[in-house]
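Peer 1: This is input38.cif, which holds mmCIF, all heavy atoms:
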```cif
data_upload
loop_
_atom_site.label_atom_id
_atom_site.label_comp_id
_atom_site.auth_asym_id
_atom_site.auth_seq_id
_atom_site.Cartn_x
_atom_site.Cartn_y
_atom_site.Cartn_z
N MET A 1 35.29 -53.71 57.57
CA MET A 1 36.38 -54.39 56.91
C MET A 1 37.47 -53.37 56.53
O MET A 1 37.18 -52.25 56.14
CB MET A 1 35.85 -55.07 55.66
CG MET A 1 36.83 -55.99 55.06
SD MET A 1 35.93 -57.30 54.23
CE MET A 1 37.22 -57.96 53.29
N ILE A 2 38.71 -53.78 56.66
CA ILE A 2 39.83 -52.89 56.38
C ILE A 2 40.26 -53.06 54.92
O ILE A 2 40.51 -54.16 54.46
CB ILE A 2 41.01 -53.21 57.32
CG1 ILE A 2 40.59 -52.99 58.77
CG2 ILE A 2 42.21 -52.38 56.96
CD1 ILE A 2 41.66 -53.34 59.77
N ASP A 3 40.34 -51.94 54.20
CA ASP A 3 40.77 -52.01 52.81
C ASP A 3 42.29 -51.88 52.72
O ASP A 3 42.98 -51.70 53.72
CB ASP A 3 40.08 -50.94 51.97
CG ASP A 3 40.32 -49.54 52.52
OD1 ASP A 3 40.86 -49.43 53.62
OD2 ASP A 3 39.95 -48.58 51.84
N ASN A 4 42.83 -51.97 51.51
CA ASN A 4 44.28 -51.97 51.31
C ASN A 4 44.94 -50.65 51.72
O ASN A 4 46.06 -50.65 52.21
CB ASN A 4 44.60 -52.27 49.84
CG ASN A 4 44.37 -53.72 49.51
OD1 ASN A 4 44.37 -54.56 50.40
ND2 ASN A 4 44.17 -54.01 48.24
N ILE A 5 44.26 -49.55 51.54
CA ILE A 5 44.83 -48.26 51.91
C ILE A 5 45.01 -48.17 53.42
O ILE A 5 46.00 -47.63 53.91
CB ILE A 5 43.97 -47.10 51.37
CG1 ILE A 5 44.02 -47.11 49.84
CG2 ILE A 5 44.43 -45.76 51.91
CD1 ILE A 5 43.10 -46.12 49.17
N SER A 6 44.08 -48.72 54.16
CA SER A 6 44.20 -48.73 55.61
C SER A 6 45.38 -49.58 56.06
O SER A 6 46.08 -49.23 57.01
CB SER A 6 42.91 -49.26 56.25
OG SER A 6 41.84 -48.40 55.98
N TRP A 7 45.60 -50.71 55.38
CA TRP A 7 46.74 -51.56 55.73
C TRP A 7 48.06 -50.83 55.48
O TRP A 7 49.01 -50.98 56.25
CB TRP A 7 46.71 -52.86 54.94
CG TRP A 7 45.76 -53.87 55.52
CD1 TRP A 7 44.60 -54.29 54.98
CD2 TRP A 7 45.89 -54.54 56.78
NE1 TRP A 7 43.99 -55.19 55.81
CE2 TRP A 7 44.76 -55.37 56.93
CE3 TRP A 7 46.85 -54.53 57.79
CZ2 TRP A 7 44.56 -56.17 58.04
CZ3 TRP A 7 46.65 -55.33 58.90
CH2 TRP A 7 45.53 -56.13 59.02
N LEU A 8 48.12 -50.05 54.41
CA LEU A 8 49.34 -49.31 54.12
C LEU A 8 49.67 -48.31 55.23
O LEU A 8 50.83 -48.05 55.52
CB LEU A 8 49.23 -48.58 52.78
CG LEU A 8 49.27 -49.46 51.55
CD1 LEU A 8 49.03 -48.62 50.30
CD2 LEU A 8 50.58 -50.20 51.46
N ALA A 9 48.66 -47.77 55.84
CA ALA A 9 48.88 -46.82 56.94
C ALA A 9 49.27 -47.52 58.23
O ALA A 9 49.94 -46.94 59.08
CB ALA A 9 47.61 -45.99 57.16
N ILE A 10 48.88 -48.77 58.36
CA ILE A 10 49.12 -49.51 59.60
C ILE A 10 50.45 -50.26 59.58
O ILE A 10 51.05 -50.48 60.64
CB ILE A 10 47.96 -50.50 59.86
CG1 ILE A 10 46.67 -49.73 60.10
CG2 ILE A 10 48.25 -51.40 61.04
CD1 ILE A 10 45.45 -50.60 60.18
N TYR A 11 50.96 -50.65 58.41
CA TYR A 11 52.19 -51.44 58.32
C TYR A 11 53.37 -50.86 59.09
O TYR A 11 54.04 -51.60 59.82
CB TYR A 11 52.59 -51.65 56.86
CG TYR A 11 51.85 -52.77 56.17
CD1 TYR A 11 51.47 -52.65 54.85
CD2 TYR A 11 51.54 -53.95 56.83
CE1 TYR A 11 50.79 -53.66 54.20
CE2 TYR A 11 50.86 -54.96 56.19
CZ TYR A 11 50.48 -54.81 54.88
OH TYR A 11 49.81 -55.81 54.24
N PRO A 12 53.68 -49.56 59.00
CA PRO A 12 54.82 -49.05 59.77
C PRO A 12 54.66 -49.24 61.28
O PRO A 12 55.62 -49.56 61.97
CB PRO A 12 54.87 -47.57 59.41
CG PRO A 12 54.19 -47.47 58.10
CD PRO A 12 53.14 -48.53 58.11
N GLU A 13 53.46 -49.08 61.77
CA GLU A 13 53.24 -49.26 63.21
C GLU A 13 53.38 -50.71 63.62
O GLU A 13 53.89 -51.01 64.71
CB GLU A 13 51.86 -48.73 63.59
CG GLU A 13 51.76 -47.23 63.41
CD GLU A 13 50.39 -46.70 63.80
OE1 GLU A 13 49.72 -47.33 64.63
OE2 GLU A 13 50.02 -45.66 63.26
N ILE A 14 52.92 -51.62 62.78
CA ILE A 14 53.05 -53.05 63.07
C ILE A 14 54.53 -53.44 63.10
O ILE A 14 54.97 -54.16 64.00
CB ILE A 14 52.27 -53.88 62.04
CG1 ILE A 14 50.78 -53.67 62.20
CG2 ILE A 14 52.62 -55.36 62.16
CD1 ILE A 14 49.93 -54.29 61.11
N VAL A 15 55.28 -52.96 62.12
CA VAL A 15 56.71 -53.25 62.07
C VAL A 15 57.41 -52.68 63.29
O VAL A 15 58.24 -53.35 63.91
CB VAL A 15 57.34 -52.71 60.76
CG1 VAL A 15 58.85 -52.78 60.80
CG2 VAL A 15 56.79 -53.46 59.57
N LEU A 16 57.08 -51.46 63.65
CA LEU A 16 57.72 -50.82 64.80
C LEU A 16 57.42 -51.56 66.10
O LEU A 16 58.32 -51.80 66.91
CB LEU A 16 57.26 -49.36 64.90
CG LEU A 16 57.95 -48.51 65.96
CD1 LEU A 16 59.44 -48.42 65.67
CD2 LEU A 16 57.33 -47.13 65.99
N LEU A 17 56.18 -51.96 66.29
CA LEU A 17 55.81 -52.70 67.50
C LEU A 17 56.50 -54.05 67.56
O LEU A 17 57.04 -54.44 68.60
CB LEU A 17 54.29 -52.88 67.57
CG LEU A 17 53.77 -53.72 68.73
CD1 LEU A 17 54.08 -53.03 70.05
CD2 LEU A 17 52.28 -53.94 68.58
N THR A 18 56.51 -54.76 66.44
CA THR A 18 57.15 -56.07 66.39
C THR A 18 58.65 -55.96 66.66
O THR A 18 59.21 -56.73 67.45
CB THR A 18 56.92 -56.72 65.01
OG1 THR A 18 55.52 -56.79 64.77
CG2 THR A 18 57.52 -58.10 64.96
N MET A 19 59.29 -55.01 66.01
CA MET A 19 60.73 -54.86 66.19
C MET A 19 61.09 -54.36 67.59
O MET A 19 62.16 -54.69 68.10
CB MET A 19 61.31 -53.96 65.12
CG MET A 19 61.34 -54.60 63.75
SD MET A 19 62.16 -56.22 63.73
CE MET A 19 63.83 -55.76 64.15
N ALA A 20 60.23 -53.57 68.20
CA ALA A 20 60.49 -53.13 69.58
C ALA A 20 60.53 -54.34 70.51
O ALA A 20 61.40 -54.44 71.39
CB ALA A 20 59.43 -52.14 70.03
N CYS A 21 59.63 -55.29 70.29
CA CYS A 21 59.62 -56.52 71.10
C CYS A 21 60.86 -57.36 70.81
O CYS A 21 61.49 -57.89 71.74
CB CYS A 21 58.36 -57.33 70.82
SG CYS A 21 56.86 -56.52 71.36
N VAL A 22 61.23 -57.47 69.54
CA VAL A 22 62.42 -58.25 69.17
C VAL A 22 63.67 -57.62 69.76
O VAL A 22 64.53 -58.32 70.32
CB VAL A 22 62.53 -58.36 67.63
CG1 VAL A 22 63.88 -58.91 67.21
CG2 VAL A 22 61.40 -59.22 67.09
N ILE A 23 63.79 -56.32 69.66
CA ILE A 23 64.97 -55.62 70.18
C ILE A 23 65.06 -55.78 71.69
O ILE A 23 66.14 -55.98 72.25
CB ILE A 23 64.97 -54.14 69.76
CG1 ILE A 23 65.19 -54.04 68.26
CG2 ILE A 23 66.02 -53.35 70.51
CD1 ILE A 23 64.93 -52.67 67.68
N ALA A 24 63.94 -55.71 72.37
CA ALA A 24 63.95 -55.89 73.83
C ALA A 24 64.41 -57.28 74.20
O ALA A 24 65.18 -57.46 75.16
CB ALA A 24 62.56 -55.61 74.40
N LEU A 25 63.97 -58.29 73.46
CA LEU A 25 64.38 -59.66 73.74
C LEU A 25 65.85 -59.88 73.40
O LEU A 25 66.57 -60.57 74.14
CB LEU A 25 63.51 -60.66 72.97
CG LEU A 25 62.07 -60.77 73.46
CD1 LEU A 25 61.27 -61.67 72.53
CD2 LEU A 25 62.04 -61.32 74.87
N VAL A 26 66.32 -59.30 72.31
CA VAL A 26 67.74 -59.42 71.95
C VAL A 26 68.59 -58.74 73.00
O VAL A 26 69.66 -59.24 73.38
CB VAL A 26 67.99 -58.81 70.55
CG1 VAL A 26 69.47 -58.63 70.27
CG2 VAL A 26 67.35 -59.68 69.48
N ASP A 27 68.15 -57.61 73.50
CA ASP A 27 68.91 -56.86 74.49
C ASP A 27 69.08 -57.64 75.80
O ASP A 27 70.06 -57.44 76.50
CB ASP A 27 68.23 -55.52 74.76
CG ASP A 27 69.13 -54.57 75.52
OD1 ASP A 27 70.30 -54.44 75.13
OD2 ASP A 27 68.65 -53.97 76.50
N LEU A 28 68.15 -58.53 76.08
CA LEU A 28 68.30 -59.36 77.28
C LEU A 28 69.51 -60.26 77.20
O LEU A 28 70.13 -60.58 78.23
CB LEU A 28 67.04 -60.21 77.49
CG LEU A 28 65.80 -59.50 77.99
CD1 LEU A 28 64.62 -60.46 77.99
CD2 LEU A 28 66.03 -58.94 79.38
N GLY A 29 69.85 -60.70 76.01
CA GLY A 29 70.95 -61.64 75.85
C GLY A 29 72.30 -61.00 75.57
O GLY A 29 73.31 -61.69 75.50
N VAL A 30 72.33 -59.69 75.41
CA VAL A 30 73.59 -59.01 75.10
C VAL A 30 74.35 -58.74 76.39
O VAL A 30 73.82 -58.18 77.34
CB VAL A 30 73.32 -57.68 74.35
CG1 VAL A 30 74.61 -56.91 74.13
CG2 VAL A 30 72.63 -57.95 73.04
N HIS A 31 75.62 -59.16 76.41
CA HIS A 31 76.43 -58.99 77.61
C HIS A 31 77.46 -57.87 77.47
O HIS A 31 78.09 -57.48 78.44
CB HIS A 31 77.14 -60.30 77.96
CG HIS A 31 76.18 -61.41 78.23
ND1 HIS A 31 75.32 -61.42 79.30
CD2 HIS A 31 75.91 -62.54 77.54
CE1 HIS A 31 74.59 -62.51 79.29
NE2 HIS A 31 74.93 -63.22 78.22
N SER A 32 77.61 -57.36 76.28
CA SER A 32 78.57 -56.30 76.04
C SER A 32 78.02 -54.98 76.59
O SER A 32 76.85 -54.65 76.40
CB SER A 32 78.80 -56.15 74.53
OG SER A 32 79.53 -54.98 74.26
N PRO A 33 78.85 -54.20 77.25
CA PRO A 33 78.37 -52.92 77.78
C PRO A 33 78.05 -51.91 76.68
O PRO A 33 77.28 -50.98 76.89
CB PRO A 33 79.52 -52.43 78.65
CG PRO A 33 80.70 -53.22 78.29
CD PRO A 33 80.22 -54.49 77.65
N ARG A 34 78.63 -52.07 75.49
CA ARG A 34 78.36 -51.13 74.40
C ARG A 34 77.05 -51.42 73.69
O ARG A 34 76.47 -50.56 73.04
CB ARG A 34 79.51 -51.14 73.40
CG ARG A 34 80.77 -50.57 74.01
CD ARG A 34 81.82 -50.42 72.97
NE ARG A 34 81.32 -49.66 71.83
CZ ARG A 34 81.83 -48.53 71.42
NH1 ARG A 34 82.85 -48.02 72.04
NH2 ARG A 34 81.33 -47.92 70.38
N ARG A 35 76.57 -52.66 73.73
CA ARG A 35 75.30 -53.08 73.12
C ARG A 35 75.20 -52.67 71.65
O ARG A 35 74.21 -52.08 71.21
CB ARG A 35 74.13 -52.53 73.91
CG ARG A 35 74.10 -53.00 75.34
CD ARG A 35 72.77 -52.76 75.98
NE ARG A 35 72.73 -53.02 77.40
CZ ARG A 35 72.78 -54.21 77.97
NH1 ARG A 35 72.90 -55.26 77.24
NH2 ARG A 35 72.72 -54.34 79.27
N THR A 36 76.22 -52.99 70.89
CA THR A 36 76.26 -52.62 69.49
C THR A 36 75.13 -53.27 68.69
O THR A 36 74.52 -52.62 67.83
CB THR A 36 77.62 -53.01 68.87
OG1 THR A 36 78.65 -52.43 69.67
CG2 THR A 36 77.74 -52.54 67.45
N SER A 37 74.84 -54.52 68.97
CA SER A 37 73.79 -55.21 68.21
C SER A 37 72.43 -54.56 68.44
O SER A 37 71.63 -54.43 67.50
CB SER A 37 73.74 -56.69 68.58
OG SER A 37 73.49 -56.86 69.95
N THR A 38 72.16 -54.13 69.65
CA THR A 38 70.91 -53.45 69.94
C THR A 38 70.82 -52.13 69.18
O THR A 38 69.78 -51.79 68.62
CB THR A 38 70.77 -53.20 71.45
OG1 THR A 38 70.91 -54.43 72.15
CG2 THR A 38 69.44 -52.58 71.79
N TYR A 39 71.92 -51.41 69.15
CA TYR A 39 71.96 -50.13 68.44
C TYR A 39 71.72 -50.33 66.94
O TYR A 39 70.93 -49.60 66.32
CB TYR A 39 73.30 -49.44 68.69
CG TYR A 39 73.50 -48.19 67.88
CD1 TYR A 39 72.87 -47.01 68.24
CD2 TYR A 39 74.30 -48.19 66.74
CE1 TYR A 39 73.04 -45.86 67.50
CE2 TYR A 39 74.47 -47.05 65.99
CZ TYR A 39 73.84 -45.89 66.38
OH TYR A 39 74.00 -44.75 65.63
N VAL A 40 72.40 -51.31 66.37
CA VAL A 40 72.27 -51.57 64.93
C VAL A 40 70.84 -51.99 64.59
O VAL A 40 70.26 -51.50 63.62
CB VAL A 40 73.29 -52.63 64.48
CG1 VAL A 40 73.01 -53.09 63.06
CG2 VAL A 40 74.70 -52.10 64.59
N LEU A 41 70.25 -52.87 65.38
CA LEU A 41 68.87 -53.29 65.15
C LEU A 41 67.91 -52.10 65.24
O LEU A 41 66.96 -51.99 64.46
CB LEU A 41 68.46 -54.35 66.16
CG LEU A 41 68.76 -55.79 65.79
CD1 LEU A 41 68.39 -56.71 66.95
CD2 LEU A 41 68.02 -56.19 64.55
N THR A 42 68.14 -51.22 66.19
CA THR A 42 67.29 -50.06 66.36
C THR A 42 67.38 -49.13 65.15
O THR A 42 66.36 -48.66 64.63
CB THR A 42 67.67 -49.29 67.64
OG1 THR A 42 67.57 -50.17 68.75
CG2 THR A 42 66.77 -48.09 67.86
N MET A 43 68.58 -48.88 64.67
CA MET A 43 68.76 -48.00 63.52
C MET A 43 68.16 -48.62 62.25
O MET A 43 67.54 -47.92 61.44
CB MET A 43 70.24 -47.68 63.30
CG MET A 43 70.85 -46.82 64.38
SD MET A 43 70.01 -45.23 64.48
CE MET A 43 69.38 -45.29 66.13
N LEU A 44 68.33 -49.93 62.08
CA LEU A 44 67.72 -50.60 60.93
C LEU A 44 66.20 -50.54 60.99
O LEU A 44 65.54 -50.32 59.96
CB LEU A 44 68.18 -52.06 60.87
CG LEU A 44 69.61 -52.29 60.41
CD1 LEU A 44 69.98 -53.77 60.55
CD2 LEU A 44 69.80 -51.82 59.00
N THR A 45 65.65 -50.71 62.17
CA THR A 45 64.20 -50.63 62.34
C THR A 45 63.69 -49.24 61.98
O THR A 45 62.68 -49.11 61.27
CB THR A 45 63.81 -50.97 63.79
OG1 THR A 45 64.24 -52.29 64.07
CG2 THR A 45 62.32 -50.86 64.00
N LEU A 46 64.38 -48.22 62.44
CA LEU A 46 63.96 -46.85 62.12
C LEU A 46 64.05 -46.57 60.63
O LEU A 46 63.17 -45.90 60.06
CB LEU A 46 64.80 -45.85 62.90
CG LEU A 46 64.52 -45.81 64.41
CD1 LEU A 46 65.50 -44.86 65.09
CD2 LEU A 46 63.10 -45.39 64.69
N ALA A 47 65.06 -47.12 59.97
CA ALA A 47 65.18 -46.94 58.52
C ALA A 47 64.06 -47.64 57.77
O ALA A 47 63.48 -47.08 56.83
CB ALA A 47 66.54 -47.46 58.05
N VAL A 48 63.71 -48.83 58.21
CA VAL A 48 62.63 -49.58 57.56
C VAL A 48 61.29 -48.87 57.77
O VAL A 48 60.50 -48.73 56.84
CB VAL A 48 62.57 -51.03 58.09
CG1 VAL A 48 61.29 -51.73 57.64
CG2 VAL A 48 63.78 -51.80 57.63
N VAL A 49 61.04 -48.40 58.97
CA VAL A 49 59.78 -47.70 59.25
C VAL A 49 59.69 -46.41 58.45
O VAL A 49 58.64 -46.06 57.92
CB VAL A 49 59.63 -47.44 60.77
CG1 VAL A 49 58.49 -46.49 61.06
CG2 VAL A 49 59.42 -48.76 61.51
N ALA A 50 60.82 -45.71 58.32
CA ALA A 50 60.82 -44.49 57.52
C ALA A 50 60.55 -44.79 56.05
O ALA A 50 59.88 -44.03 55.37
CB ALA A 50 62.15 -43.77 57.68
N ALA A 51 61.05 -45.91 55.57
CA ALA A 51 60.84 -46.28 54.17
C ALA A 51 59.39 -46.73 53.93
O ALA A 51 58.88 -46.57 52.83
CB ALA A 51 61.79 -47.40 53.78
N LEU A 52 58.75 -47.28 54.94
CA LEU A 52 57.37 -47.76 54.80
C LEU A 52 56.32 -46.65 54.89
O LEU A 52 55.17 -46.87 54.54
CB LEU A 52 57.06 -48.81 55.88
CG LEU A 52 57.66 -50.18 55.69
CD1 LEU A 52 57.35 -51.05 56.89
CD2 LEU A 52 57.16 -50.82 54.42
N ARG A 53 56.73 -45.50 55.38
CA ARG A 53 55.76 -44.39 55.55
C ARG A 53 55.15 -44.00 54.23
O ARG A 53 55.87 -43.79 53.26
CB ARG A 53 56.47 -43.18 56.14
CG ARG A 53 56.05 -42.92 57.54
CD ARG A 53 56.66 -41.67 58.04
NE ARG A 53 55.63 -40.63 57.95
CZ ARG A 53 55.88 -39.37 58.06
NH1 ARG A 53 57.09 -38.95 58.21
NH2 ARG A 53 54.92 -38.50 57.99
N PRO A 54 53.83 -43.89 54.19
CA PRO A 54 53.17 -43.52 52.92
C PRO A 54 53.37 -42.07 52.55
O PRO A 54 53.60 -41.21 53.30
CB PRO A 54 51.70 -43.80 53.16
CG PRO A 54 51.52 -43.96 54.62
CD PRO A 54 52.87 -44.19 55.21
#
```
Let me see the file written as structure tokens.

Peer 2:
Amino acid sequence: MIDNISWLAIYPEIVLLTMACVIALVDLGVHSPRRTSTYVLTMLTLAVVAALRP
């Protein structure tokens, strides 16, 4: 059984994996050559993962 401390170590990886899938799907629909929305989502994801690190 996984205790709460183990979940705290796993949360950043879960968020990163989930957001990588979301960003890939969003990128499919972006028609702009600059892909600003993809860039912004990626930077926000990295900030959230950095904040979640224990």

Peer 1: Give me, as a PyMOL selection string, all polymer residues having an atom no more than 10 Å from A:Leu46, counting only C-alpha atoms and skipping those fewer than 6 positions away in the same chain.

Peer 2: chain A and resi 12+15-16+19+40+52

Peer 1: Among stretch 19-51 of chain A, which residues carry a DSSP assignment of helix (DSSP H, G or I), reported as JSON, numbers by chain?

Peer 2: {"A": [19, 20, 21, 22, 23, 24, 25, 26, 27, 28, 29, 36, 37, 38, 39, 40, 41, 42, 43, 44, 45, 46, 47, 48, 49, 50, 51]}

Peer 1: Counting only C-alpha atoms, which of A:Leu17, A:Val30, A:Tyr11, A:Val22 gets nearest to A:Ala51?

Peer 2: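 Of the candidates, the smallest distance to A:Ala51 is held by A:Tyr11.
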
Peer 1: Rounded to one decimal, what separation in Å do you get between atom CA of A:Thr45 and atom CA of A:Leu8?

Peer 2: 17.0 Å

Peer 1: Between atom N of A:Thr36 and atom O of A:Arg53, what is the distance, to one decimal in Å?

Peer 2: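 Spanning atom N of A:Thr36 to atom O of A:Arg53 is a straight-line distance of 28.5 Å.
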
Peer 1: As an exercise, work out the distance from atom CA of A:Ile14 to atom CA of A:Ser37 in Å and give it to one decimal place.

Peer 2: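 Calculated distance between atom CA of A:Ile14 and atom CA of A:Ser37 is 21.5 Å.
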
Peer 1: Around stretch 13-26 of chain A, with edges along x, y and z and 3 Å added on all six sides, what centre and edge lengths do you get, in Å to one decimal, as AutoDock Vina command-line options?

Peer 2:
```
--center_x 59.7 --center_y -53.7 --center_z 67.4 --size_x 25.9 --size_y 22.0 --size_z 21.6
```
